[in-house]
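See structure below.
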Amino acid sequence: LEVDTERFRNPEQLHLLETFLNRIAAAIERSRLAEQTRRLLQLEEMDRLKGEFVATASHELRAPLVSLAGALDRLQAMASGATTADWRREMAAAREQVDRLRRLADDLLDLARLEAGRVELQRQPVDPSAVIRERLARFEPEAAAQAIRLAGDIPDTLPLVDIDRERTGRVLDELIGNALRASGPDGRVLVSADTVGRFVQVSVADNGPGISIEDQARVFDKFVWLSGGQPEGSGLGLPIAREVIRAHGGAIWVDSGLGPGSVFSFTVPIATGLAPPSAVSQSTDPRDET
């Protein structure tokens with residue numbers, strides 16, 4: 001810092017000025033060092049997360065490969081004297097591991113594209129109640145097999161939403177499937193929807209063991225399985241769901257705690273200027289009458 005000292009004839013003034021300027025210079029230096037430290041910590045955190053991701057991805061890719069190699073070894077050993085049933089069993093095991101690898105690769109690629117903003121959503125006005133009921137119907141056999149009560153609370157007056165129908169449907173699939181696994185036999189899963197401002201909010205509630213505060217903070221991270229749970233799927237379902245909803249301009253979150261179950265919710269934007277599917281002859285919003 002430079003200043004015209006000719007204006008300060010008094011030695012005491014010059015001393016005060018010098019002290020003041022030194023403090024300013026020290027503050028600037030501390031700020032610069034703090035910014036460098038912050039950037040260094042960010043880089044270290046990125047390296048740590050990258051290492052965790054690579055390690056986990058490698059493990060997830062290696063596990064089915066080991067199983068596949070084992071199945072092929074058994075097939076080779078059974079080449080002489082093997083029965084048709086033996087061959088079918090081993091081929092089915094090999095096919096299962098190949099499919100698992102393919103799903104993992106597809107999920108990794110899909111998530112990378114979503115995070116980079118390279119996915120073009122096929123958005124159109126869609127009746128959300130129809131999408132929700134369609135997805136509920138897909139899970140009814142699985143719920144019935146486990147004696148889980150799967151229900152929907154879906155108003156017929158929901159407005160049309162501006163979404164990619166297939167991708168939003170997959171988000172519902174992820175949340176409903178997770179809720180069924182969390183609830184277990186004799187459990188309950190409720191899918192509900194309502195209008196909230198310029199959005200339609202969809203919620204999936206279960207009566208499972210709930211999610212701790214610590215797990216809630218990372219439940220949408222890659223390759224995360226909740227404490228005490230068995231790894232299922234690719235560990236990328238919720239991260240992909242988050243990116244899909246964000247791409248729509250909505251939000252996704254979880255409300256939970258240990259014991260009372262969990263509620264996963266997300267919002268998608270209303271298709272402005274379009275009436276609800278059931279409001280063919282209705283000129284006013286029925287909610288205005290309440």
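Following the order of the structure tokens, chains are lettered A, B, ..., residues in each are numbered from 1, and ligands are numbered from 1.
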Distance query Ile252 (chain A) at most 7 Å, only C-alpha atoms, self and fewer than 3 positions along chain excluded, as a VMD selection string: chain A and resid 242 245 265 to 267
Residue contacts of Phe264 (chain A) (8 Å, only C-alpha atoms) excluding same-chain residues fewer than 4 positions away, as a list in words: Leu175, Ser203, Val204, Ala205, Ile252, Trp253, Val254 and Asp255 of chain A
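Separating CA of Pro269 (chain A) from CA of Gly250 (chain A) is a distance of 6.7 Å.
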Region 132-202 of chain A: residues DSSP assigns to helix (DSSP H, G or I), reported as number ranges by chain: A: 132-145, 165-183
From A:Phe199, A:Gln124, A:Gln42, A:Gly235, residue lying nearest Arg100 (chain A) [only C-alpha atoms]: A:Gly235
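If you measure from each of A:Leu114, A:Leu158, A:Leu33, A:Val126 to Val196 (chain A) using only C-alpha atoms, the closest one turns out to be A:Leu158.
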Near-Ile132 (chain A) list (10 Å; only C-alpha atoms; drop same-chain fewer than 4 positions) as a ChimeraX atom specification: /A:127-128,136-137,152-154,168-169,172-173,191-193,202
Output file for the selection above: all heavy atoms, as a CSV table (one decimal), in the first residue's frame:
chain,number,residue,atom,x,y,z
A,127,ASP,N,-50.8,-35.9,-16.9
A,127,ASP,CA,-51.7,-36.1,-15.7
A,127,ASP,C,-50.9,-36.8,-14.6
A,127,ASP,O,-50.7,-38.0,-14.8
A,127,ASP,CB,-52.9,-36.8,-16.1
A,127,ASP,CG,-53.9,-37.1,-15.0
A,127,ASP,OD1,-53.6,-36.6,-13.9
A,127,ASP,OD2,-54.8,-37.9,-15.2
A,128,PRO,N,-50.6,-36.2,-13.5
A,128,PRO,CA,-49.8,-36.8,-12.5
A,128,PRO,C,-50.5,-38.0,-11.8
A,128,PRO,O,-49.9,-39.0,-11.5
A,128,PRO,CB,-49.4,-35.7,-11.5
A,128,PRO,CG,-50.5,-34.7,-11.7
A,128,PRO,CD,-50.9,-34.8,-13.2
A,136,LEU,N,-48.2,-47.4,-9.1
A,136,LEU,CA,-48.7,-48.2,-8.0
A,136,LEU,C,-49.1,-49.6,-8.5
A,136,LEU,O,-48.9,-50.6,-7.8
A,136,LEU,CB,-49.9,-47.5,-7.4
A,136,LEU,CG,-49.6,-46.3,-6.4
A,136,LEU,CD1,-50.9,-45.6,-6.1
A,136,LEU,CD2,-48.9,-46.8,-5.2
A,137,ALA,N,-49.8,-49.7,-9.6
A,137,ALA,CA,-50.2,-50.9,-10.2
A,137,ALA,C,-49.1,-51.9,-10.4
A,137,ALA,O,-49.2,-53.1,-10.2
A,137,ALA,CB,-51.0,-50.7,-11.5
A,152,GLY,N,-52.9,-45.5,-2.3
A,152,GLY,CA,-52.7,-44.2,-2.9
A,152,GLY,C,-53.8,-43.2,-2.5
A,152,GLY,O,-54.9,-43.6,-2.3
A,153,ASP,N,-53.4,-42.0,-2.2
A,153,ASP,CA,-54.3,-40.9,-1.9
A,153,ASP,C,-54.1,-39.8,-2.9
A,153,ASP,O,-53.3,-38.9,-2.7
A,153,ASP,CB,-54.0,-40.4,-0.5
A,153,ASP,CG,-55.0,-39.2,-0.1
A,153,ASP,OD1,-56.0,-39.1,-0.8
A,153,ASP,OD2,-54.7,-38.6,1.0
A,154,ILE,N,-54.7,-40.0,-4.1
A,154,ILE,CA,-54.4,-39.2,-5.3
A,154,ILE,C,-55.7,-38.4,-5.7
A,154,ILE,O,-56.6,-39.0,-6.2
A,154,ILE,CB,-54.0,-40.0,-6.4
A,154,ILE,CG1,-52.9,-41.1,-6.0
A,154,ILE,CG2,-53.4,-39.2,-7.5
A,154,ILE,CD1,-51.7,-40.5,-5.4
A,168,THR,N,-39.7,-39.4,-14.7
A,168,THR,CA,-40.4,-39.1,-13.4
A,168,THR,C,-41.0,-40.4,-12.9
A,168,THR,O,-41.1,-40.6,-11.7
A,168,THR,CB,-41.5,-38.0,-13.6
A,168,THR,OG1,-40.9,-36.9,-14.2
A,168,THR,CG2,-42.1,-37.7,-12.3
A,169,GLY,N,-41.5,-41.2,-13.8
A,169,GLY,CA,-42.0,-42.5,-13.4
A,169,GLY,C,-41.0,-43.4,-12.7
A,169,GLY,O,-41.2,-44.1,-11.8
A,172,LEU,N,-40.5,-42.4,-9.2
A,172,LEU,CA,-41.6,-43.0,-8.3
A,172,LEU,C,-41.3,-44.5,-8.1
A,172,LEU,O,-41.4,-45.0,-7.0
A,172,LEU,CB,-42.9,-42.9,-9.0
A,172,LEU,CG,-43.8,-41.7,-8.7
A,172,LEU,CD1,-44.9,-41.5,-9.7
A,172,LEU,CD2,-44.2,-41.7,-7.3
A,173,ASP,N,-40.8,-45.2,-9.1
A,173,ASP,CA,-40.4,-46.6,-9.0
A,173,ASP,C,-39.4,-46.8,-7.9
A,173,ASP,O,-39.4,-47.7,-7.0
A,173,ASP,CB,-39.8,-47.2,-10.3
A,173,ASP,CG,-40.9,-47.4,-11.3
A,173,ASP,OD1,-42.1,-47.3,-11.0
A,173,ASP,OD2,-40.6,-47.5,-12.5
A,191,VAL,N,-48.8,-43.6,-1.0
A,191,VAL,CA,-48.4,-42.6,-2.0
A,191,VAL,C,-49.4,-41.5,-2.1
A,191,VAL,O,-50.6,-41.9,-2.4
A,191,VAL,CB,-48.1,-43.3,-3.3
A,191,VAL,CG1,-47.6,-42.2,-4.3
A,191,VAL,CG2,-47.1,-44.4,-3.2
A,192,SER,N,-49.1,-40.3,-1.8
A,192,SER,CA,-50.0,-39.2,-1.9
A,192,SER,C,-49.5,-38.1,-2.7
A,192,SER,O,-48.3,-38.0,-3.1
A,192,SER,CB,-50.3,-38.7,-0.4
A,192,SER,OG,-49.1,-38.2,0.2
A,193,ALA,N,-50.4,-37.2,-3.1
A,193,ALA,CA,-50.0,-36.1,-4.0
A,193,ALA,C,-51.0,-34.9,-3.7
A,193,ALA,O,-52.1,-35.1,-3.3
A,193,ALA,CB,-50.1,-36.4,-5.5
A,202,VAL,N,-45.4,-34.9,-4.6
A,202,VAL,CA,-45.7,-36.3,-4.4
A,202,VAL,C,-44.9,-36.9,-3.2
A,202,VAL,O,-43.7,-36.6,-3.1
A,202,VAL,CB,-45.4,-37.1,-5.7
A,202,VAL,CG1,-45.7,-38.6,-5.5
A,202,VAL,CG2,-46.1,-36.5,-6.9
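Here CA of Ala71 (chain A) and CA of Arg102 (chain A) stand 17.2 Å from one another.
Residues in contact with Val244 (chain A) at 10 Å, where only C-alpha atoms are counted and same-chain residues fewer than 3 positions away are skipped, are listed as Leu111, Leu114, Glu115, Val119, Leu121, Ile163, Asp164, Arg167, Thr168, Arg170, Val171, Leu238, Pro239, Ile240, Ala241, Ala247, His248, Gly249, Gly250, Ala251 and Ile252 of chain A.
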Selected residue of minimal separation from Ile270 (chain A) among A:Asp194, A:Glu12, A:Glu120, A:Glu29, counting only C-alpha atoms: A:Asp194
